[in-house]
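What's in start-v1.cif: mmCIF, C-alpha atoms and all ligand atoms
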data_work
loop_
_atom_site.label_atom_id
_atom_site.label_comp_id
_atom_site.auth_asym_id
_atom_site.auth_seq_id
_atom_site.Cartn_x
_atom_site.Cartn_y
_atom_site.Cartn_z
CA MET A 27 20.83 5.22 0.10
CA THR A 28 18.62 6.98 2.61
CA SER A 29 16.73 4.68 4.97
CA ALA A 30 14.00 5.12 7.54
CA ASP A 31 16.67 4.69 10.22
CA ASP A 32 18.67 7.62 8.79
CA ILE A 33 15.59 9.81 9.08
CA ARG A 34 14.88 8.67 12.61
CA GLN A 35 18.47 9.37 13.63
CA ALA A 36 18.38 12.82 12.08
CA LEU A 37 15.52 13.87 14.35
CA PRO A 38 16.45 15.77 17.52
CA PRO A 39 15.95 13.64 20.65
CA GLU A 40 12.93 15.61 21.91
CA LEU A 41 11.12 14.86 18.63
CA SER A 42 12.47 11.35 18.25
CA SER A 43 11.03 10.30 21.60
CA MET A 44 7.53 11.06 20.31
CA VAL A 45 7.93 9.17 17.06
CA ARG A 46 6.26 5.80 16.86
CA SER A 47 7.30 4.74 13.38
CA VAL A 48 9.14 6.02 10.34
CA ARG A 49 8.79 4.61 6.86
CA PHE A 50 10.65 5.69 3.77
CA ALA A 51 9.91 4.71 0.19
CA ASP A 52 10.27 6.48 -3.16
CA GLY A 53 11.46 9.70 -1.60
CA VAL A 54 8.46 9.92 0.73
CA ALA A 55 9.03 9.80 4.50
CA THR A 56 5.97 8.81 6.52
CA ILE A 57 6.26 9.58 10.21
CA ILE A 58 3.74 8.52 12.82
CA ALA A 59 4.11 10.38 16.11
CA ASP A 60 2.34 10.38 19.44
CA ALA A 61 0.40 13.55 20.09
CA GLY A 62 -1.64 12.16 22.98
CA GLY A 63 -2.27 14.88 25.56
CA LEU A 64 -1.00 17.68 23.31
CA GLY A 65 -3.26 20.63 22.61
CA ARG A 66 -4.08 21.64 19.04
CA SER A 67 -1.33 24.24 18.65
CA ALA A 68 1.33 22.06 20.29
CA ALA A 69 0.35 19.23 17.92
CA ALA A 70 0.59 21.57 14.91
CA GLN A 71 4.00 22.72 16.16
CA LEU A 72 5.16 19.09 16.51
CA GLN A 73 4.01 18.35 12.98
CA LYS A 74 5.90 21.34 11.60
CA GLU A 75 9.10 20.49 13.43
CA LEU A 76 8.97 16.88 12.23
CA GLU A 77 8.43 18.03 8.64
CA THR A 78 11.33 20.47 8.83
CA ALA A 79 13.74 18.00 10.43
CA ALA A 80 12.88 15.10 8.11
CA SER A 81 12.91 17.12 4.90
CA ALA A 82 16.48 18.21 5.71
CA VAL A 83 17.65 14.60 5.28
CA PRO A 84 19.24 14.10 1.84
CA GLY A 85 16.99 12.04 -0.46
CA VAL A 86 13.75 13.00 1.25
CA ALA A 87 11.46 14.70 -1.27
CA GLU A 88 8.27 14.71 0.73
CA VAL A 89 7.32 14.28 4.39
CA ARG A 90 3.97 13.04 5.61
CA VAL A 91 3.27 13.23 9.30
CA GLY A 92 0.48 11.34 11.04
CA LEU A 93 -0.29 12.36 14.61
CA MET A 94 -1.93 9.82 16.86
CA ALA A 95 -4.10 11.32 19.56
CA ASP A 96 -4.05 8.13 21.58
CA LYS A 97 -2.31 4.81 21.41
CA PRO A 98 -4.24 2.52 19.06
CA LYS A 99 -6.36 0.19 21.08
CA ARG A 100 -5.02 -3.09 19.83
CA ARG A 101 -6.41 -6.24 21.32
CA ILE A 102 -4.66 -9.58 21.49
CA VAL A 103 -6.58 -12.84 21.40
CA ALA A 104 -4.69 -16.11 21.74
CA VAL A 105 -6.03 -19.24 20.08
CA GLY A 106 -4.93 -22.29 22.00
CA SER A 107 -5.55 -25.98 22.28
CA GLY A 108 -4.51 -28.80 24.58
CA LYS A 109 -3.03 -30.86 21.77
CA GLY A 110 -2.03 -30.61 18.12
CA GLY A 111 -4.11 -31.51 15.10
CA VAL A 112 -7.46 -30.34 16.47
CA GLY A 113 -7.78 -27.52 13.92
CA LYS A 114 -6.49 -24.57 15.92
CA SER A 115 -4.58 -23.09 12.96
CA THR A 116 -7.51 -23.66 10.61
CA LEU A 117 -9.82 -21.86 13.02
CA THR A 118 -7.35 -18.97 13.55
CA ALA A 119 -6.98 -18.35 9.81
CA ASN A 120 -10.72 -18.52 9.17
CA LEU A 121 -11.55 -16.32 12.14
CA ALA A 122 -9.08 -13.73 10.86
CA VAL A 123 -10.60 -13.76 7.36
CA ALA A 124 -14.16 -13.63 8.72
CA LEU A 125 -13.27 -10.73 11.05
CA VAL A 126 -11.73 -8.75 8.18
CA GLY A 127 -15.03 -9.34 6.35
CA MET A 128 -16.74 -7.71 9.33
CA GLY A 129 -14.58 -4.63 9.04
CA ARG A 130 -11.91 -5.37 11.64
CA LYS A 131 -8.25 -4.83 10.87
CA VAL A 132 -6.64 -8.09 11.81
CA GLY A 133 -3.10 -9.38 12.17
CA VAL A 134 -2.17 -13.01 12.71
CA VAL A 135 0.94 -14.08 14.61
CA ASP A 136 1.76 -17.70 13.91
CA ALA A 137 3.64 -18.74 17.03
CA ASP A 138 3.11 -22.46 16.55
CA ILE A 139 6.75 -23.51 16.32
CA TYR A 140 5.83 -27.17 15.98
CA GLY A 141 3.64 -26.67 12.93
CA PRO A 142 3.60 -23.09 11.64
CA SER A 143 0.88 -23.51 9.00
CA GLN A 144 -0.50 -19.97 8.65
CA VAL A 145 1.65 -19.27 5.59
CA MET A 146 0.04 -22.22 3.80
CA LEU A 147 -3.42 -21.22 5.02
CA LEU A 148 -3.29 -17.49 4.35
CA ASP A 149 -0.38 -16.71 2.08
CA PRO A 150 0.39 -19.44 -0.43
CA ALA A 151 2.32 -16.80 -2.44
CA ARG A 152 4.79 -16.84 0.47
CA GLY A 153 5.50 -13.15 0.93
CA ARG A 154 8.55 -12.25 3.01
CA PRO A 155 8.15 -9.74 5.84
CA ARG A 156 10.32 -6.66 5.44
CA ALA A 157 12.38 -5.24 8.27
CA GLU A 158 12.95 -1.58 9.06
CA GLY A 159 15.77 -1.53 11.54
CA LYS A 160 14.66 -4.09 14.09
CA THR A 161 10.99 -3.65 13.31
CA LEU A 162 9.26 -6.24 11.14
CA ILE A 163 6.60 -5.22 8.64
CA PRO A 164 4.00 -8.00 8.38
CA VAL A 165 3.02 -9.52 5.03
CA GLU A 166 -0.31 -8.34 3.61
CA CYS A 167 -2.17 -11.47 2.51
CA GLU A 168 -4.74 -11.80 -0.23
CA PHE A 169 -7.61 -11.82 2.26
CA GLY A 170 -6.69 -8.54 3.92
CA VAL A 171 -5.08 -10.26 6.90
CA ARG A 172 -1.60 -9.18 7.98
CA LEU A 173 0.64 -12.09 8.81
CA LEU A 174 3.84 -12.84 10.64
CA SER A 175 4.85 -16.43 11.13
CA MET A 176 7.73 -18.30 12.70
CA ALA A 177 7.89 -20.04 9.31
CA GLN A 178 8.75 -16.76 7.55
CA LEU A 179 11.60 -16.06 9.96
CA ILE A 180 13.53 -19.28 9.61
CA GLU A 181 14.68 -21.79 7.05
CA GLY A 182 11.95 -24.25 6.13
CA GLY A 183 11.24 -26.87 8.74
CA LYS A 184 13.94 -25.89 11.24
CA ALA A 185 11.67 -24.22 13.77
CA ILE A 186 11.32 -27.32 15.84
CA ALA A 187 15.00 -27.08 16.84
CA TRP A 188 14.36 -23.72 18.49
CA ARG A 189 14.32 -23.50 22.22
CA GLY A 190 13.62 -21.01 24.98
CA PRO A 191 15.35 -17.69 24.34
CA MET A 192 15.29 -17.90 20.53
CA VAL A 193 11.59 -18.63 20.54
CA GLY A 194 10.98 -15.82 23.00
CA GLN A 195 12.93 -13.39 20.83
CA ALA A 196 11.08 -14.37 17.67
CA LEU A 197 7.73 -14.06 19.43
CA THR A 198 8.68 -10.63 20.76
CA GLN A 199 9.77 -9.44 17.30
CA MET A 200 6.47 -10.58 15.83
CA MET A 201 4.32 -9.07 18.60
CA GLU A 202 6.22 -5.77 18.48
CA ALA A 203 6.13 -5.53 14.68
CA ASP A 204 4.70 -2.54 12.87
CA TRP A 205 1.08 -3.71 12.74
CA GLY A 206 -0.09 -0.34 11.43
CA ASP A 207 -3.74 0.24 12.20
CA ALA A 208 -4.54 -3.40 13.02
CA ASP A 209 -6.96 -3.39 15.94
CA LEU A 210 -6.78 -7.11 16.69
CA ILE A 211 -3.94 -9.61 16.73
CA LEU A 212 -4.86 -13.28 16.74
CA VAL A 213 -2.04 -15.46 18.03
CA ASP A 214 -1.91 -19.07 16.89
CA LEU A 215 -0.20 -20.66 19.89
CA PRO A 216 1.52 -24.04 19.84
CA PRO A 217 -0.52 -26.75 21.57
CA GLY A 218 0.09 -27.40 25.24
CA THR A 219 1.81 -25.28 27.84
CA GLY A 220 5.46 -24.64 26.83
CA ASP A 221 7.89 -21.71 26.46
CA VAL A 222 5.88 -19.82 23.86
CA GLN A 223 2.73 -19.86 25.95
CA LEU A 224 4.60 -18.65 29.02
CA THR A 225 6.34 -15.83 27.16
CA MET A 226 3.04 -14.87 25.58
CA LEU A 227 1.18 -14.79 28.88
CA GLN A 228 3.88 -13.03 30.87
CA LYS A 229 5.05 -10.51 28.34
CA PHE A 230 2.05 -9.75 26.17
CA LYS A 231 -0.88 -10.65 28.38
CA PRO A 232 -3.58 -11.38 25.78
CA ASP A 233 -7.00 -9.83 26.31
CA GLY A 234 -8.58 -13.24 25.93
CA ALA A 235 -8.14 -16.81 24.75
CA VAL A 236 -10.20 -18.98 22.43
CA ILE A 237 -9.81 -22.71 23.07
CA VAL A 238 -10.23 -25.24 20.27
CA THR A 239 -10.95 -28.89 20.90
CA THR A 240 -12.38 -31.94 19.20
CA PRO A 241 -15.34 -33.51 20.97
CA GLN A 242 -13.73 -36.68 22.35
CA ASP A 243 -12.97 -37.00 26.06
CA LEU A 244 -9.17 -37.14 25.77
CA ALA A 245 -9.02 -33.93 23.75
CA LEU A 246 -11.34 -32.29 26.25
CA ILE A 247 -9.07 -33.24 29.15
CA ASP A 248 -6.13 -31.62 27.30
CA ALA A 249 -8.25 -28.58 26.51
CA THR A 250 -9.08 -28.23 30.20
CA ARG A 251 -5.34 -28.04 30.95
CA ALA A 252 -4.94 -25.26 28.40
CA ILE A 253 -7.84 -23.43 30.01
CA ASP A 254 -6.22 -23.84 33.44
CA LEU A 255 -3.03 -22.18 32.17
CA PHE A 256 -4.93 -19.13 30.93
CA SER A 257 -7.01 -18.95 34.09
CA GLN A 258 -3.88 -19.12 36.24
CA ALA A 259 -2.48 -16.17 34.32
CA GLN A 260 -5.82 -14.38 34.69
CA ILE A 261 -6.43 -14.30 30.96
CA PRO A 262 -10.19 -14.44 30.34
CA VAL A 263 -11.36 -17.40 28.26
CA VAL A 264 -13.54 -16.01 25.46
CA GLY A 265 -15.00 -19.46 24.88
CA ILE A 266 -14.58 -22.94 23.47
CA VAL A 267 -14.93 -24.06 19.84
CA GLU A 268 -15.70 -27.64 18.96
CA ASN A 269 -13.98 -28.66 15.74
CA MET A 270 -14.31 -31.85 13.70
CA ALA A 271 -17.74 -32.39 15.16
CA GLY A 272 -20.03 -34.55 13.06
CA TYR A 273 -19.09 -35.98 9.68
CA ILE A 274 -21.29 -35.88 6.63
CA CYS A 275 -20.33 -38.65 4.21
CA PRO A 276 -19.69 -37.01 0.83
CA HIS A 277 -20.99 -40.17 -0.92
CA CYS A 278 -24.19 -41.12 0.86
CA GLY A 279 -24.85 -37.89 2.76
CA GLU A 280 -25.38 -39.72 6.04
CA GLY A 281 -24.21 -38.00 9.19
CA SER A 282 -22.02 -39.70 11.79
CA ASP A 283 -19.99 -38.58 14.78
CA PRO A 284 -16.53 -40.18 14.63
CA PHE A 285 -15.27 -38.21 17.63
CA GLY A 286 -18.56 -37.97 19.45
CA ARG A 287 -20.67 -34.84 19.56
CA GLY A 288 -21.56 -32.11 21.98
CA GLY A 289 -18.71 -32.90 24.40
CA ALA A 290 -17.16 -29.45 24.09
CA GLU A 291 -20.44 -27.66 24.64
CA ALA A 292 -21.14 -29.71 27.77
CA ALA A 293 -17.56 -29.12 28.98
CA ALA A 294 -17.87 -25.39 28.35
CA ARG A 295 -21.06 -25.33 30.38
CA ALA A 296 -19.50 -27.37 33.20
CA LEU A 297 -16.47 -25.06 33.31
CA GLY A 298 -18.57 -21.91 33.15
CA HIS A 299 -17.25 -20.77 29.78
CA ALA A 300 -19.09 -19.72 26.63
CA PHE A 301 -19.53 -22.15 23.77
CA LEU A 302 -18.60 -20.30 20.57
CA GLY A 303 -19.67 -22.83 17.98
CA ARG A 304 -19.18 -26.11 16.24
CA VAL A 305 -17.35 -26.81 12.98
CA PRO A 306 -18.06 -30.18 11.33
CA LEU A 307 -15.41 -32.49 10.00
CA ASP A 308 -15.69 -31.65 6.35
CA MET A 309 -13.37 -32.70 3.57
CA ALA A 310 -14.04 -29.37 1.84
CA ILE A 311 -12.41 -27.54 4.78
CA ARG A 312 -9.27 -29.64 4.55
CA VAL A 313 -9.00 -29.30 0.78
CA ALA A 314 -9.67 -25.54 0.80
CA SER A 315 -7.17 -25.03 3.62
CA ASP A 316 -4.42 -26.93 1.83
CA THR A 317 -4.80 -24.68 -1.20
CA GLY A 318 -4.78 -21.39 0.69
CA GLN A 319 -8.50 -20.72 0.19
CA PRO A 320 -9.98 -20.32 3.68
CA PRO A 321 -13.69 -21.24 3.57
CA ALA A 322 -14.41 -18.06 5.56
CA ALA A 323 -13.61 -16.06 2.41
CA ASN A 324 -16.71 -17.53 0.71
CA ASP A 325 -20.40 -17.38 1.32
CA SER A 326 -20.60 -21.13 1.82
CA GLU A 327 -22.09 -23.12 4.67
CA GLN A 328 -18.65 -23.48 6.22
CA GLY A 329 -17.93 -19.82 5.62
CA ARG A 330 -21.09 -18.88 7.52
CA ASN A 331 -20.11 -21.30 10.25
CA PHE A 332 -16.79 -19.52 10.83
CA ALA A 333 -18.53 -16.15 10.51
CA GLY A 334 -20.86 -17.16 13.36
CA ILE A 335 -17.89 -17.89 15.63
CA ALA A 336 -16.19 -14.65 14.54
CA GLN A 337 -19.40 -12.78 15.38
CA LYS A 338 -19.31 -14.16 18.93
CA LEU A 339 -15.67 -13.11 19.27
CA THR A 340 -16.57 -9.63 18.02
CA GLU A 341 -19.38 -9.36 20.54
CA TRP A 342 -16.98 -10.38 23.28
CA LEU A 343 -14.39 -7.80 22.16
CA ASP A 344 -17.03 -5.06 21.99
CA ARG A 345 -18.76 -5.95 25.24
CA PRO A 346 -19.05 -3.08 27.65
CA ALA A 347 -16.19 -2.95 30.16
CA GLY A 348 -16.80 -4.07 33.71
P1 LIG B 1 -3.71 -27.64 14.71
O1 LIG B 1 -3.38 -26.21 14.43
O2 LIG B 1 -4.61 -27.81 15.89
O3 LIG B 1 -2.50 -28.53 14.77
P2 LIG B 1 -4.71 -27.70 11.99
O4 LIG B 1 -5.57 -26.50 11.90
O5 LIG B 1 -3.35 -27.63 11.38
O6 LIG B 1 -4.60 -28.20 13.49
O7 LIG B 1 -5.54 -28.92 11.38
C1 LIG B 1 -4.98 -30.21 11.23
C2 LIG B 1 -5.48 -30.83 9.91
O8 LIG B 1 -6.89 -31.03 10.00
C3 LIG B 1 -5.27 -29.96 8.70
O9 LIG B 1 -4.97 -30.79 7.61
C4 LIG B 1 -6.62 -29.28 8.48
O10 LIG B 1 -6.86 -28.95 7.12
C5 LIG B 1 -7.58 -30.36 8.94
N1 LIG B 1 -8.82 -29.82 9.51
C6 LIG B 1 -8.94 -28.91 10.51
N2 LIG B 1 -10.26 -28.69 10.79
C7 LIG B 1 -10.97 -29.45 9.93
C8 LIG B 1 -12.37 -29.68 9.70
N3 LIG B 1 -13.29 -29.07 10.44
N4 LIG B 1 -12.71 -30.55 8.72
C9 LIG B 1 -11.77 -31.18 7.97
N5 LIG B 1 -10.45 -31.04 8.14
C10 LIG B 1 -10.05 -30.19 9.10
#
Let me see the structure of the file written as structure tokens.
Amino acid sequence: MTSADDIRQALPPELSSMVRSVRFADGVATIIADAGGLGRSAAAQLQKELETAASAVPGVAEVRVGLMADKPKRRIVAVGSGKGGVGKSTLTANLAVALVGMGRKVGVVDADIYGPSQVMLLDPARGRPRAEGKTLIPVECEFGVRLLSMAQLIEGGKAIAWRGPMVGQALTQMMEADWGDADLILVDLPPGTGDVQLTMLQKFKPDGAVIVTTPQDLALIDATRAIDLFSQAQIPVVGIVENMAGYICPHCGEGSDPFGRGGAEAAARALGHAFLGRVPLDMAIRVASDTGQPPAANDSEQGRNFAGIAQKLTEWLDRPAG
């Protein structure tokens, strides 16, 4: 059977070098090629040559060629925390859903090898990514978010046994996947400062990092270490989010602050970083997350809360350069 790889290999080298991706399904070959810097007639010529070469491959009934004038401007934002269990994955999933609601095209890379939970949060139907040659095609989730997770790439629960090179390879495959027209990739990093973080910083240099913490002092000290790592690598810190701040008792409605309150905002100020917002400790968030219904998908109080943080991230992404 004809595959996308067959089509790619059938293209003469001078054309092949300009091709960014080839897909093939139901007799239709879709070729995306780089036409950056080409004039109008040279681009038309390239299109014609690609159509001719691809339609000569047996099994190809139709060829569609998309020419990209410039490389898509895809931004990478890492979501990190000093320690596990502070709600980093919950925030990542909800930010992604809220950003899609604002018209962004968002991909999520779940690189948290110790607890890859994005599949549960975003894709309870558990789609499997496809592969074209060595290129992964992310899963399209119900909420319009594209997802690749360490959990999709390995047998259930074995990720923790992965070390160094394997983790680096998996991360690279996910980052270099065919993200289509996604203009933002959110990366759910494992907590702390291990192999994944280093590979991420060195190889993919995120545009910015969002740091999640709970309000208590110990979590803040860990968060400060995470911030130091990004600063050392000259990755701008977009800001700090305080999660599990303030608890409203579902029975009596009284508010309390089991982990303290306001610590992250004060720390952000002291460190000279923006404070992006506060998410209360709310049973509804935990329950919705466990059933693959991110609160950000609804017009609820919590949904608006996440939307507010997403809005700040959007403003940061769209800020004028300089
Ligand atoms: P991390 O990625 O930092 O390890 P998770 O996002 O997996 O943390 O969250 C850990 C647990 O806490 C999950 O069960 C999640 O549903 C729950 N959780 C996260 N944020 C909140 C919140 N604001 N209110 C209630 N439960 C939360």
List the neighbours of Arg152 of chain A out to 10 Å using all atoms listed in the file; skip same-chain residues closer than 3 positions along the sequence, and give me the result as a short mmCIF file (atom, residue, chain, number, x, y, z; two decimals) with C-alpha atoms, in the coordinates of the input.
data_model
loop_
_atom_site.label_atom_id
_atom_site.label_comp_id
_atom_site.auth_asym_id
_atom_site.auth_seq_id
_atom_site.Cartn_x
_atom_site.Cartn_y
_atom_site.Cartn_z
CA VAL A 145 1.65 -19.27 5.59
CA MET A 146 0.04 -22.22 3.80
CA LEU A 148 -3.29 -17.49 4.35
CA ASP A 149 -0.38 -16.71 2.08
CA PRO A 155 8.15 -9.74 5.84
CA VAL A 165 3.02 -9.52 5.03
CA CYS A 167 -2.17 -11.47 2.51
CA ALA A 177 7.89 -20.04 9.31
CA GLN A 178 8.75 -16.76 7.55
#
Neighbouring residues of ligand LIG 1 (chain B) are defined here as those with any atom at most 8 Å from a ligand atom, counting all atoms listed in the file; list them as a VMD selection string. chain A and resid 107 109 to 118 138 141 143 214 216 to 217 238 269 to 271 305 to 316
If you count all atoms listed in the file, which residues fall within 9 Å of segment 48-50 of chain A, apart from same-chain ones fewer than 6 positions away, as a PyMOL selection string? chain A and resi 28-31+33-34+56-59+86+158
Write out, as a short mmCIF file (atom, residue, chain, number, x, y, z; two decimals), in the frame of the given file, the residues just selected, with C-alpha atoms.
data_model
loop_
_atom_site.label_atom_id
_atom_site.label_comp_id
_atom_site.auth_asym_id
_atom_site.auth_seq_id
_atom_site.Cartn_x
_atom_site.Cartn_y
_atom_site.Cartn_z
CA THR A 28 18.62 6.98 2.61
CA SER A 29 16.73 4.68 4.97
CA ALA A 30 14.00 5.12 7.54
CA ASP A 31 16.67 4.69 10.22
CA ILE A 33 15.59 9.81 9.08
CA ARG A 34 14.88 8.67 12.61
CA THR A 56 5.97 8.81 6.52
CA ILE A 57 6.26 9.58 10.21
CA ILE A 58 3.74 8.52 12.82
CA ALA A 59 4.11 10.38 16.11
CA VAL A 86 13.75 13.00 1.25
CA GLU A 158 12.95 -1.58 9.06
#
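Using only C-alpha atoms, the shortest contact distance between Leu121 of chain A and any of A:Leu41, A:Pro346, A:Gln228, A:Leu212 is found at A:Leu212.
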Write out as a PDB file with C-alpha atoms, in the coordinates of the input which residues come within 9 Å of Ser43 of chain A when counting all atoms listed in the file, dropping same-chain ones fewer than 4 positions away.
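This went into result02.pdb:
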ATOM      1  CA  PRO A  38      16.450  15.770  17.520  1.00  0.00           C
ATOM      2  CA  PRO A  39      15.950  13.640  20.650  1.00  0.00           C
ATOM      3  CA  ALA A  59       4.110  10.380  16.110  1.00  0.00           C
ATOM      4  CA  ASP A  60       2.340  10.380  19.440  1.00  0.00           C
TER       5      ASP A  60
END
Could I get the residues of segment 107-192 of chain A with an atom no further than 7 Å from an atom of segment 325-337 of chain A, each paired with its nearest atom pair and that distance in Å to one decimal, using all atoms listed in the file, sorted by chain and residue number, as CSV?
residue,atom,partner,partner_atom,distance
A:Asn120,CA,A:Phe332,CA,6.4
A:Leu121,CA,A:Ala336,CA,5.5
A:Ala124,CA,A:Ala333,CA,5.4
A:Leu125,CA,A:Ala336,CA,6.0
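Of the listed residues A:Ala322, A:Leu255, A:Ile237, A:Val193, the one whose atoms come nearest to Ala294 of chain A is A:Ile237, with distances taken using all atoms listed in the file.
Computed from the coordinates, the atom CA of Val171 of chain A to atom CA of Val103 of chain A distance equals 14.8 Å.
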One decimal place gives the atom CA of Leu227 of chain A-atom CA of Glu341 of chain A separation as 22.8 Å
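Nearest residue to Ala235 of chain A, choosing from A:Pro164, A:Pro321, A:Pro262, A:Pro191 and counting only C-alpha atoms: A:Pro262.
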Would you list the contacts of Leu64 of chain A as a PDB file with C-alpha atoms, keeping the file's coordinate frame, taking every protein, DNA or RNA residue within 12 Å and counting all atoms listed in the file, but skipping same-chain residues closer than 3 positions in sequence?
ATOM      1  CA  MET A  44       7.530  11.060  20.310  1.00  0.00           C
ATOM      2  CA  ALA A  59       4.110  10.380  16.110  1.00  0.00           C
ATOM      3  CA  ASP A  60       2.340  10.380  19.440  1.00  0.00           C
ATOM      4  CA  ALA A  61       0.400  13.550  20.090  1.00  0.00           C
ATOM      5  CA  SER A  67      -1.330  24.240  18.650  1.00  0.00           C
ATOM      6  CA  ALA A  68       1.330  22.060  20.290  1.00  0.00           C
ATOM      7  CA  ALA A  69       0.350  19.230  17.920  1.00  0.00           C
ATOM      8  CA  ALA A  70       0.590  21.570  14.910  1.00  0.00           C
ATOM      9  CA  GLN A  71       4.000  22.720  16.160  1.00  0.00           C
ATOM     10  CA  LEU A  72       5.160  19.090  16.510  1.00  0.00           C
ATOM     11  CA  GLN A  73       4.010  18.350  12.980  1.00  0.00           C
ATOM     12  CA  LEU A  93      -0.290  12.360  14.610  1.00  0.00           C
ATOM     13  CA  MET A  94      -1.930   9.820  16.860  1.00  0.00           C
ATOM     14  CA  ALA A  95      -4.100  11.320  19.560  1.00  0.00           C
ATOM     15  CA  ASP A  96      -4.050   8.130  21.580  1.00  0.00           C
TER      16      ASP A  96
END
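Going from atom CA of Gly303 of chain A over to atom CA of Leu244 of chain A, you cover 19.4 Å.
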